[in-house]
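> Just one file: model.txt, with compact mmCIF, C-alpha atoms and all ligand atoms.
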```
# COMPACT_ATOMS: atom_id res chain seq x y z
CA MET C 132 -27.02 108.26 -33.37
CA LYS C 133 -28.25 107.00 -36.75
CA ILE C 134 -30.12 109.41 -38.98
CA ALA C 135 -31.51 109.44 -42.50
CA PHE C 136 -31.33 112.82 -44.23
CA THR C 137 -34.15 113.78 -46.61
CA MET C 138 -34.89 116.80 -48.80
CA ASP C 139 -38.24 118.46 -49.41
CA ASP C 140 -39.64 120.54 -52.25
CA LEU C 141 -37.27 119.93 -55.15
CA PRO C 142 -37.08 121.40 -57.73
CA LEU C 143 -38.22 124.78 -56.34
CA TRP C 144 -39.06 125.83 -52.79
CA PRO C 145 -42.75 126.78 -52.94
CA VAL C 146 -42.47 129.92 -50.81
CA SER C 147 -40.15 131.92 -53.05
CA TYR C 148 -38.01 131.99 -56.15
CA PRO C 149 -34.26 132.14 -55.35
CA PRO C 150 -32.96 135.70 -54.81
CA ALA C 151 -30.25 137.41 -56.88
CA GLY C 152 -27.03 135.43 -56.81
CA TYR C 153 -28.77 132.05 -56.51
CA THR C 154 -30.66 129.76 -58.88
CA ALA C 155 -32.85 126.75 -58.13
CA GLU C 156 -30.37 124.59 -60.04
CA GLY C 157 -27.34 126.07 -58.25
CA ILE C 158 -28.87 125.59 -54.80
CA VAL C 159 -29.56 121.91 -55.45
CA ALA C 160 -26.10 121.45 -57.03
CA SER C 161 -24.47 122.79 -53.82
CA ILE C 162 -26.53 120.42 -51.69
CA ARG C 163 -25.65 117.48 -53.98
CA GLY C 164 -21.99 118.45 -53.62
CA ALA C 165 -22.26 118.47 -49.82
CA LEU C 166 -23.97 115.07 -49.81
CA LYS C 167 -21.25 113.63 -52.04
CA GLN C 168 -18.48 115.18 -49.97
CA HIS C 169 -19.87 113.48 -46.85
CA SER C 170 -20.72 110.18 -48.61
CA ILE C 171 -24.39 110.43 -47.65
CA SER C 172 -26.43 108.05 -49.81
CA GLY C 173 -29.95 106.69 -50.09
CA VAL C 174 -31.36 110.24 -49.92
CA TYR C 175 -34.92 110.87 -51.09
CA SER C 176 -36.25 114.23 -52.22
CA PHE C 177 -39.96 114.64 -51.61
CA SER C 178 -40.89 116.63 -54.67
CA ASN C 179 -43.69 118.77 -56.03
CA SER C 180 -44.41 118.81 -59.75
CA TRP C 181 -46.06 122.25 -60.13
CA PRO C 182 -42.73 124.02 -60.90
CA LEU C 183 -42.13 121.65 -63.84
CA LEU C 184 -45.26 122.88 -65.59
CA LYS C 185 -44.21 126.50 -65.11
CA ASN C 186 -40.50 125.99 -65.79
CA PRO C 187 -40.00 122.78 -67.83
CA GLU C 188 -36.22 123.38 -67.71
CA PHE C 189 -36.35 122.49 -63.98
CA SER C 190 -36.60 118.86 -65.04
CA LYS C 191 -32.79 119.04 -65.32
CA ILE C 192 -32.64 119.60 -61.53
CA LEU C 193 -34.41 116.28 -61.00
CA ASP C 194 -32.36 114.58 -63.74
CA ASP C 195 -29.12 115.66 -62.06
CA TRP C 196 -30.37 114.62 -58.61
CA VAL C 197 -31.30 111.15 -59.84
CA GLY C 198 -28.12 111.04 -61.96
CA ASP C 199 -26.09 111.35 -58.76
CA GLY C 200 -27.85 108.30 -57.32
CA TYR C 201 -30.45 110.05 -55.15
CA TYR C 202 -34.18 109.41 -55.31
CA ILE C 203 -37.43 111.26 -55.93
CA ALA C 204 -40.68 110.67 -54.01
CA ASN C 205 -44.17 112.17 -54.06
CA HIS C 206 -44.88 115.36 -52.03
CA THR C 207 -48.11 116.25 -53.96
CA HIS C 208 -48.29 118.20 -57.21
CA SER C 209 -48.99 121.66 -55.82
CA HIS C 210 -47.83 121.46 -52.18
CA ILE C 211 -51.37 121.84 -50.86
CA GLU C 212 -52.01 121.11 -47.20
CA LEU C 213 -54.69 118.58 -46.41
CA PRO C 214 -56.62 120.84 -43.97
CA ASP C 215 -57.03 123.44 -46.74
CA VAL C 216 -58.80 121.13 -49.23
CA THR C 217 -61.15 118.14 -49.39
CA ALA C 218 -59.71 114.63 -49.20
CA GLU C 219 -60.77 114.16 -52.85
CA ALA C 220 -58.84 117.23 -54.02
CA PHE C 221 -55.79 116.16 -52.02
CA ILE C 222 -55.93 112.66 -53.50
CA GLU C 223 -56.15 114.13 -57.03
CA ASP C 224 -53.08 116.23 -56.24
CA ILE C 225 -51.17 113.09 -55.13
CA ASP C 226 -52.12 111.39 -58.39
CA ALA C 227 -51.13 114.45 -60.46
CA ALA C 228 -47.65 114.30 -58.89
CA GLU C 229 -47.44 110.58 -59.72
CA ARG C 230 -48.08 111.47 -63.39
CA HIS C 231 -45.82 114.52 -63.65
CA LEU C 232 -42.95 112.91 -61.71
CA ALA C 233 -43.21 109.67 -63.70
CA PRO C 234 -39.76 110.10 -65.37
CA TRP C 235 -38.05 109.95 -61.95
CA LEU C 236 -40.24 108.13 -59.40
CA PRO C 237 -39.66 104.59 -60.78
CA LYS C 238 -35.89 105.04 -60.41
CA ALA C 239 -36.31 104.91 -56.62
CA PRO C 240 -36.42 101.51 -54.91
CA LEU C 241 -39.36 102.59 -52.75
CA LYS C 242 -42.61 104.44 -53.50
CA LEU C 243 -42.75 107.06 -50.77
CA PHE C 244 -44.95 110.04 -49.94
CA ARG C 245 -44.65 112.98 -47.55
CA HIS C 246 -47.53 115.24 -46.60
CA PRO C 247 -46.84 118.96 -47.18
CA LEU C 248 -45.93 120.48 -43.81
CA CYS C 249 -46.11 116.90 -42.48
CA HIS C 250 -49.82 117.54 -41.90
CA TRP C 251 -51.79 114.29 -41.81
CA GLY C 252 -55.22 115.97 -41.86
CA GLU C 253 -57.53 117.59 -39.35
CA THR C 254 -60.32 115.00 -39.19
CA PRO C 255 -60.19 111.20 -38.78
CA GLU C 256 -62.31 110.86 -41.95
CA LYS C 257 -59.83 112.75 -44.14
CA LEU C 258 -56.88 110.99 -42.55
CA GLY C 259 -58.57 107.65 -43.26
CA ASP C 260 -59.47 108.52 -46.86
CA VAL C 261 -55.94 109.67 -47.68
CA ASN C 262 -54.30 106.71 -45.90
CA ALA C 263 -56.54 104.32 -47.88
CA HIS C 264 -55.55 106.04 -51.12
CA LEU C 265 -51.84 105.90 -50.29
CA GLN C 266 -52.24 102.19 -49.63
CA ARG C 267 -54.09 101.67 -52.96
CA ARG C 268 -51.27 103.44 -54.77
CA GLY C 269 -48.62 101.48 -52.87
CA LEU C 270 -47.23 104.69 -51.37
CA THR C 271 -45.64 104.63 -47.90
CA PRO C 272 -46.04 107.88 -45.94
CA VAL C 273 -42.78 109.15 -44.46
CA ASP C 274 -42.59 111.73 -41.68
CA VAL C 275 -39.74 113.63 -39.98
CA THR C 276 -38.37 113.18 -36.46
CA SER C 277 -36.11 116.27 -36.44
CA TRP C 278 -35.91 119.49 -38.36
CA ALA C 279 -33.73 122.52 -37.70
CA TYR C 280 -35.95 125.40 -38.89
CA GLU C 281 -33.42 126.28 -41.59
CA TRP C 282 -36.19 128.13 -43.44
CA THR C 283 -36.19 130.72 -40.61
CA TRP C 284 -32.37 130.91 -40.62
CA ASN C 285 -32.66 131.39 -44.39
CA ARG C 286 -34.74 134.55 -43.98
CA ALA C 287 -32.38 135.91 -41.29
CA TYR C 288 -29.41 135.14 -43.58
CA ARG C 289 -31.03 136.87 -46.57
CA ASN C 290 -31.72 139.96 -44.46
CA ALA C 291 -28.11 140.00 -43.26
CA LEU C 292 -26.77 139.63 -46.84
CA ASP C 293 -29.15 142.31 -48.15
CA ALA C 294 -27.90 144.67 -45.42
CA GLN C 295 -24.29 143.69 -46.31
CA ASP C 296 -23.86 142.91 -42.61
CA GLU C 297 -21.15 140.26 -42.62
CA ALA C 298 -21.05 139.91 -38.84
CA ALA C 299 -24.78 139.18 -38.80
CA ALA C 300 -24.44 136.63 -41.62
CA GLU C 301 -21.63 134.90 -39.69
CA HIS C 302 -23.76 134.86 -36.53
CA VAL C 303 -26.62 133.27 -38.49
CA LYS C 304 -24.31 130.52 -39.80
CA ALA C 305 -22.56 129.78 -36.50
CA SER C 306 -25.77 129.78 -34.49
CA PHE C 307 -27.37 127.36 -36.94
CA LEU C 308 -24.59 124.79 -36.51
CA ASP C 309 -24.93 124.89 -32.71
CA PHE C 310 -28.71 124.99 -32.86
CA SER C 311 -29.14 122.13 -35.34
CA ALA C 312 -26.85 119.86 -33.33
CA ALA C 313 -28.70 120.64 -30.09
CA GLN C 314 -32.06 120.24 -31.82
CA LEU C 315 -31.10 116.83 -33.20
CA ARG C 316 -29.96 115.59 -29.77
CA HIS C 317 -33.20 116.93 -28.25
CA ASP C 318 -35.41 115.25 -30.85
CA MET C 319 -33.53 111.96 -30.78
CA ALA C 320 -33.81 111.81 -26.96
CA ALA C 321 -37.54 112.64 -27.09
CA ALA C 322 -38.13 109.95 -29.73
CA GLU C 323 -36.20 107.37 -27.72
CA ALA C 324 -38.21 108.26 -24.59
CA TRP C 325 -41.48 108.06 -26.51
CA PHE C 326 -40.87 104.80 -28.40
CA GLY C 327 -38.95 103.11 -25.58
CA GLU C 328 -36.01 102.34 -27.85
CA GLU C 329 -33.42 104.18 -29.90
CA ILE C 330 -34.86 104.88 -33.34
CA ILE C 331 -33.22 105.86 -36.62
CA GLY C 332 -34.06 109.56 -36.94
CA ILE C 333 -35.29 111.24 -40.11
CA THR C 334 -34.05 114.79 -40.70
CA LEU C 335 -35.01 117.31 -43.34
CA GLY C 336 -33.48 120.03 -45.48
CA HIS C 337 -35.03 122.44 -47.98
CA ASN C 338 -33.52 123.85 -51.16
CA VAL C 339 -33.13 127.38 -49.84
CA PRO C 340 -30.02 129.56 -50.36
CA PHE C 341 -28.95 129.37 -46.71
CA PHE C 342 -29.02 125.59 -46.73
CA ALA C 343 -27.00 125.51 -49.96
CA ASP C 344 -24.30 127.59 -48.23
CA ILE C 345 -24.31 125.72 -44.91
CA ALA C 346 -25.04 122.10 -45.94
CA SER C 347 -21.44 120.88 -45.95
CA ASP C 348 -20.67 122.43 -42.54
CA TYR C 349 -24.01 121.16 -41.23
CA PHE C 350 -23.31 117.54 -42.21
CA ALA C 351 -19.77 117.82 -40.80
CA ARG C 352 -21.08 119.19 -37.50
CA LEU C 353 -23.68 116.47 -37.10
CA LYS C 354 -20.98 113.85 -37.78
CA GLU C 355 -18.81 115.47 -35.07
CA GLU C 356 -21.79 115.11 -32.74
CA GLY C 357 -21.83 111.37 -33.43
CA ALA C 358 -24.45 111.22 -36.18
CA VAL C 359 -24.07 108.35 -38.64
CA PHE C 360 -25.96 108.94 -41.88
CA VAL C 361 -27.87 105.90 -43.13
CA PRO C 362 -30.18 105.43 -46.15
CA LEU C 363 -33.80 106.42 -45.57
CA GLU C 364 -34.82 102.84 -46.29
CA ASP C 365 -33.16 101.78 -43.00
CA ALA C 366 -35.28 104.27 -41.03
CA LEU C 367 -38.56 102.82 -42.30
CA GLN C 368 -38.46 99.79 -40.01
CA GLY C 369 -39.57 99.87 -36.41
CA PRO C 370 -42.05 101.62 -34.16
CA ALA C 371 -41.61 105.19 -35.41
CA GLN C 372 -42.62 104.28 -38.97
CA ARG C 373 -45.65 102.30 -37.78
CA ALA C 374 -46.97 105.48 -36.09
CA VAL C 375 -46.91 107.64 -39.25
CA GLY C 376 -50.37 108.83 -40.27
CA SER C 377 -52.00 107.55 -37.07
CA VAL C 378 -53.31 110.72 -35.41
CA VAL C 379 -55.08 113.98 -36.21
CA LEU C 380 -53.38 117.15 -34.97
CA GLY C 381 -53.39 120.80 -36.07
CA GLU C 382 -49.87 121.67 -34.96
CA PHE C 383 -46.73 121.82 -37.14
CA VAL C 384 -44.51 119.43 -35.16
CA VAL C 385 -42.36 116.34 -35.79
CA LEU C 386 -43.57 112.76 -35.46
CA GLN C 387 -42.90 112.00 -31.78
CA GLN C 388 -44.19 115.45 -30.79
CA LYS C 389 -47.48 114.78 -32.60
CA LEU C 390 -47.93 111.49 -30.72
CA ALA C 391 -46.98 113.02 -27.37
CA ALA C 392 -49.31 116.01 -27.90
CA ILE C 393 -52.26 113.74 -28.74
CA ALA C 394 -51.53 111.67 -25.64
CA GLY C 395 -51.74 114.85 -23.53
CA ARG C 396 -48.00 114.85 -22.75
CA PRO C 397 -46.67 117.55 -25.09
CA THR C 398 -42.87 117.93 -25.19
CA PRO C 399 -40.90 121.14 -25.91
CA LYS C 400 -40.39 121.77 -29.65
CA ILE C 401 -36.99 123.41 -29.12
CA PRO C 402 -34.39 122.53 -26.45
CA GLU C 403 -34.59 124.98 -23.57
CA ALA C 404 -30.99 126.18 -23.95
CA GLN C 405 -31.72 127.16 -27.59
CA VAL C 406 -35.05 128.97 -27.15
CA ALA C 407 -33.44 132.44 -26.93
CA VAL C 408 -31.16 131.71 -29.91
CA HIS C 409 -34.15 130.67 -32.00
CA ALA C 410 -36.14 133.74 -30.89
CA ARG C 411 -33.25 136.02 -31.94
CA ILE C 412 -33.15 134.39 -35.40
CA VAL C 413 -36.93 134.80 -35.73
CA GLU C 414 -36.41 138.52 -35.00
CA MET C 415 -33.62 138.78 -37.57
CA ALA C 416 -35.81 136.90 -40.06
CA MET C 417 -38.54 139.49 -39.67
CA GLY C 418 -35.95 142.19 -40.40
ZN ZN C 501 -42.79 120.69 -48.45
```
Can you turn what I pasted into structure tokens?


Amino acid sequence: MKIAFTMDDLPLWPVSYPPAGYTAEGIVASIRGALKQHSISGVYSFSNSWPLLKNPEFSKILDDWVGDGYYIANHTHSHIELPDVTAEAFIEDIDAAERHLAPWLPKAPLKLFRHPLCHWGETPEKLGDVNAHLQRRGLTPVDVTSWAYEWTWNRAYRNALDAQDEAAAEHVKASFLDFSAAQLRHDMAAAEAWFGEEIIGITLGHNVPFFADIASDYFARLKEEGAVFVPLEDALQGPAQRAVGSVVLGEFVVLQQKLAAIAGRPTPKIPEAQVAVHARIVEMAMG
């Protein structure tokens, strides 16, 4: 099982500033440490530039990331979603990120782009306009074939820590390791069934406190499950990559699920044996 790990939203997760006890820089440093520990290379961070205008000192987070041999790619300036704006506004936001991330983008071997929330647009016209612009700019859109909802586990974890409930925090961590392994197997099997061949998967992590604390155990667990981490570049060959940006869909789902949904053969987002676990974490996340 070959997978390429990617990060989204460096330097600062758009939903919230880190809580007490964490900093944006510290979170990313922990994740860098986990990547190094597990010899995972060729990792791209799909980055937004808005935090750099607000907090210019965050440029150090990107400097350190690139200094460790990882790469930065475009994830729009302000993390806007295409359905919320015109194609023109979205294109301007892509270009603004190209300008503001200019110190780091050229250090990557490839010019890559990821749509915020992996949303390719809600009309064929907007999808076409943005695809044409990406092509003009020489940007390759990159999607995700498996994510583990660590942003939901993050909220459950924060609630457990705030309540000083150590047993709950331990449950959140342990359940994530089981869940993420099961989710990866589920997504890899669905992608293989859809594309008719084994693909190199693309997974995703965010710079949230929970992920900083679990990243090393998470990578170790996936390796135990047979995952081999490869550079993202390797995952951009083959049928999965050719399908990126090819359909219009309103749902927040991974690549092969978008294609299957459009074809009228939707597949389960979460493996059946993990649905109750996920529902319990959603409850804990709501507090
Ligand atoms: Zn994002």

> If we count only C-alpha atoms, what is near segment 132-136 of chain C at a cut-off of 9 Å, once residues fewer than 3 positions away on the same chain are taken out, given as a PyMOL selection string?

chain C and resi 171-175+316+319+329-336+356-366

> Neighbours of ligand ZN 501 (chain C) within 12 Å, counting all atoms listed in the file, as an MDAnalysis selection string?

chainID C and resid 137:146 176:180 204:212 244:250 274:275 282 335:339

> Just give me the gap between atom CA of Thr271 of chain C and atom CA of Ala374 of chain C in Å, one decimal is fine.

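Taking atom CA of Thr271 of chain C as the start and atom CA of Ala374 of chain C as the end point, the length is 11.9 Å.
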
> For Ile192 of chain C, list every protein, DNA or RNA residue within 10 Å, evaluated using all atoms listed in the file, and leave out those in the same chain fewer than 3 positions away; present the list as number ranges by chain.

C: 141-143, 155-160, 183, 188-189, 195-198

> Please work out which residues fall within 12 Å of (-49.2, 100.5, -55.4), coordinates as given in the file, with all atoms listed in the file counting, and return them as a PyMOL selection string.

chain C and resi 226+229+237+241-244+263-271

> Any chance you could export the current selection's C-alpha atoms as a compact mmCIF listing (two decimals), keeping the file's coordinate frame?


```txt
# COMPACT_ATOMS: atom_id res chain seq x y z
CA ASP C 226 -52.12 111.39 -58.39
CA GLU C 229 -47.44 110.58 -59.72
CA PRO C 237 -39.66 104.59 -60.78
CA LEU C 241 -39.36 102.59 -52.75
CA LYS C 242 -42.61 104.44 -53.50
CA LEU C 243 -42.75 107.06 -50.77
CA PHE C 244 -44.95 110.04 -49.94
CA ALA C 263 -56.54 104.32 -47.88
CA HIS C 264 -55.55 106.04 -51.12
CA LEU C 265 -51.84 105.90 -50.29
CA GLN C 266 -52.24 102.19 -49.63
CA ARG C 267 -54.09 101.67 -52.96
CA ARG C 268 -51.27 103.44 -54.77
CA GLY C 269 -48.62 101.48 -52.87
CA LEU C 270 -47.23 104.69 -51.37
CA THR C 271 -45.64 104.63 -47.90
```

> Counting only C-alpha atoms, I want the residues whose atoms come within 12 Å of (-26.0, 122.2, -29.2) in the file frame, returned as a list of chain:residue names.

C:Ala279, C:Ala305, C:Ser306, C:Phe307, C:Leu308, C:Asp309, C:Phe310, C:Ser311, C:Ala312, C:Ala313, C:Gln314, C:Leu315, C:Arg316, C:His317, C:Asp318, C:Arg352, C:Leu353, C:Glu355, C:Glu356, C:Ile401, C:Pro402, C:Glu403, C:Ala404, C:Gln405, C:Val406, C:Val408

> Could you write those residues out with C-alpha atoms, as a tab-separated table (two decimals), in the frame of the given file?


```tsv
chain	number	residue	atom	x	y	z
C	279	ALA	CA	-33.73	122.52	-37.70
C	305	ALA	CA	-22.56	129.78	-36.50
C	306	SER	CA	-25.77	129.78	-34.49
C	307	PHE	CA	-27.37	127.36	-36.94
C	308	LEU	CA	-24.59	124.79	-36.51
C	309	ASP	CA	-24.93	124.89	-32.71
C	310	PHE	CA	-28.71	124.99	-32.86
C	311	SER	CA	-29.14	122.13	-35.34
C	312	ALA	CA	-26.85	119.86	-33.33
C	313	ALA	CA	-28.70	120.64	-30.09
C	314	GLN	CA	-32.06	120.24	-31.82
C	315	LEU	CA	-31.10	116.83	-33.20
C	316	ARG	CA	-29.96	115.59	-29.77
C	317	HIS	CA	-33.20	116.93	-28.25
C	318	ASP	CA	-35.41	115.25	-30.85
C	352	ARG	CA	-21.08	119.19	-37.50
C	353	LEU	CA	-23.68	116.47	-37.10
C	355	GLU	CA	-18.81	115.47	-35.07
C	356	GLU	CA	-21.79	115.11	-32.74
C	401	ILE	CA	-36.99	123.41	-29.12
C	402	PRO	CA	-34.39	122.53	-26.45
C	403	GLU	CA	-34.59	124.98	-23.57
C	404	ALA	CA	-30.99	126.18	-23.95
C	405	GLN	CA	-31.72	127.16	-27.59
C	406	VAL	CA	-35.05	128.97	-27.15
C	408	VAL	CA	-31.16	131.71	-29.91
```

> Would you please work out which residue, of C:Trp251, C:Tyr148, C:Tyr288, C:Phe341, is nearest to Val379 of chain C when using all atoms listed in the file?

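When distances to Val379 of chain C are compared using all atoms listed in the file, the smallest one comes from C:Trp251.
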
> Can I get the residues of segment 314-363 of chain C within 10 Å of segment 165-168 of chain C, each with the closest pair of atoms and their distance in Å to one decimal, using all atoms listed in the file, sorted chain first then ascending number, as JSON lines?


```
{"residue": "C:Ala343", "atom": "CA", "partner": "C:Ala165", "partner_atom": "CA", "distance": 8.5}
{"residue": "C:Asp344", "atom": "CA", "partner": "C:Ala165", "partner_atom": "CA", "distance": 9.5}
{"residue": "C:Ile345", "atom": "CA", "partner": "C:Ala165", "partner_atom": "CA", "distance": 9.0}
{"residue": "C:Ala346", "atom": "CA", "partner": "C:Ala165", "partner_atom": "CA", "distance": 6.0}
{"residue": "C:Ser347", "atom": "CA", "partner": "C:Ala165", "partner_atom": "CA", "distance": 4.6}
{"residue": "C:Asp348", "atom": "CA", "partner": "C:Ala165", "partner_atom": "CA", "distance": 8.4}
{"residue": "C:Tyr349", "atom": "CA", "partner": "C:Ala165", "partner_atom": "CA", "distance": 9.2}
{"residue": "C:Phe350", "atom": "CA", "partner": "C:Ala165", "partner_atom": "CA", "distance": 7.7}
{"residue": "C:Ala351", "atom": "CA", "partner": "C:Ala165", "partner_atom": "CA", "distance": 9.4}
```

> Could you save the residues just selected, with C-alpha atoms, as a JSON list (two decimals), keeping the file's coordinate frame?


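Wrote it out as result-v3.json, contents follow:
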```
[["chain", "number", "residue", "atom", "x", "y", "z"],
["C", 343, "ALA", "CA", -27.00, 125.51, -49.96],
["C", 344, "ASP", "CA", -24.30, 127.59, -48.23],
["C", 345, "ILE", "CA", -24.31, 125.72, -44.91],
["C", 346, "ALA", "CA", -25.04, 122.10, -45.94],
["C", 347, "SER", "CA", -21.44, 120.88, -45.95],
["C", 348, "ASP", "CA", -20.67, 122.43, -42.54],
["C", 349, "TYR", "CA", -24.01, 121.16, -41.23],
["C", 350, "PHE", "CA", -23.31, 117.54, -42.21],
["C", 351, "ALA", "CA", -19.77, 117.82, -40.80]]
```

> Using all atoms listed in the file, which of C:Gly381, C:Gly418, C:Gly369, C:Gly259 sits nearest Asp215 of chain C?

C:Gly381

> Atom CA of Met417 of chain C and atom CA of Asn290 of chain C, how far apart in Å?

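Pair atom CA of Asn290 of chain C / atom CA of Met417 of chain C returns 8.3 Å.
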
> Kindly indicate which residue among C:Glu382, C:Arg289, C:Leu184, C:Asn262 lies nearest to Ala416 of chain C, using all atoms listed in the file for the distances.

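Of all the options, C:Arg289 lies closest to Ala416 of chain C.
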
> Between atom CA of Ala151 of chain C and atom CA of Ile412 of chain C, measure the distance and give it in Å to one decimal.

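Separation between atom CA of Ala151 of chain C and atom CA of Ile412 of chain C: 21.9 Å.
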
> Near Ala300 of chain C, counting only C-alpha atoms, which residues have an atom at most 8 Å away, once you skip same-chain residues fewer than 5 positions from it, shown as a ChimeraX atom specification?

/C:287-288,291-292

> Please produce an output containing C-alpha atoms for each residue in the selection, written as an mmCIF file, in the coordinates of the input.


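In the end it all went to out_2.cif:
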```cif
data_model
loop_
_atom_site.group_PDB
_atom_site.id
_atom_site.type_symbol
_atom_site.label_atom_id
_atom_site.label_comp_id
_atom_site.auth_asym_id
_atom_site.auth_seq_id
_atom_site.Cartn_x
_atom_site.Cartn_y
_atom_site.Cartn_z
ATOM 1 C CA ALA C 287 -32.380 135.910 -41.290
ATOM 2 C CA TYR C 288 -29.410 135.140 -43.580
ATOM 3 C CA ALA C 291 -28.110 140.000 -43.260
ATOM 4 C CA LEU C 292 -26.770 139.630 -46.840
#
```

> Using all atoms listed in the file, which of C:Ala410, C:Gly200, C:Val261, C:Phe342 sits nearest Glu223 of chain C?

C:Val261

> Would you mind telling me which residue in C:Leu193, C:Tyr153, C:Thr276, C:Ala233 lies nearest to Ala320 of chain C when using only C-alpha atoms?

C:Thr276

> Which of these, C:Ala239, C:Val273, C:Ala294, C:Leu213, has the shortest distance to Asp260 of chain C once you count only C-alpha atoms?

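Selected residue with least distance to Asp260 of chain C: C:Leu213.
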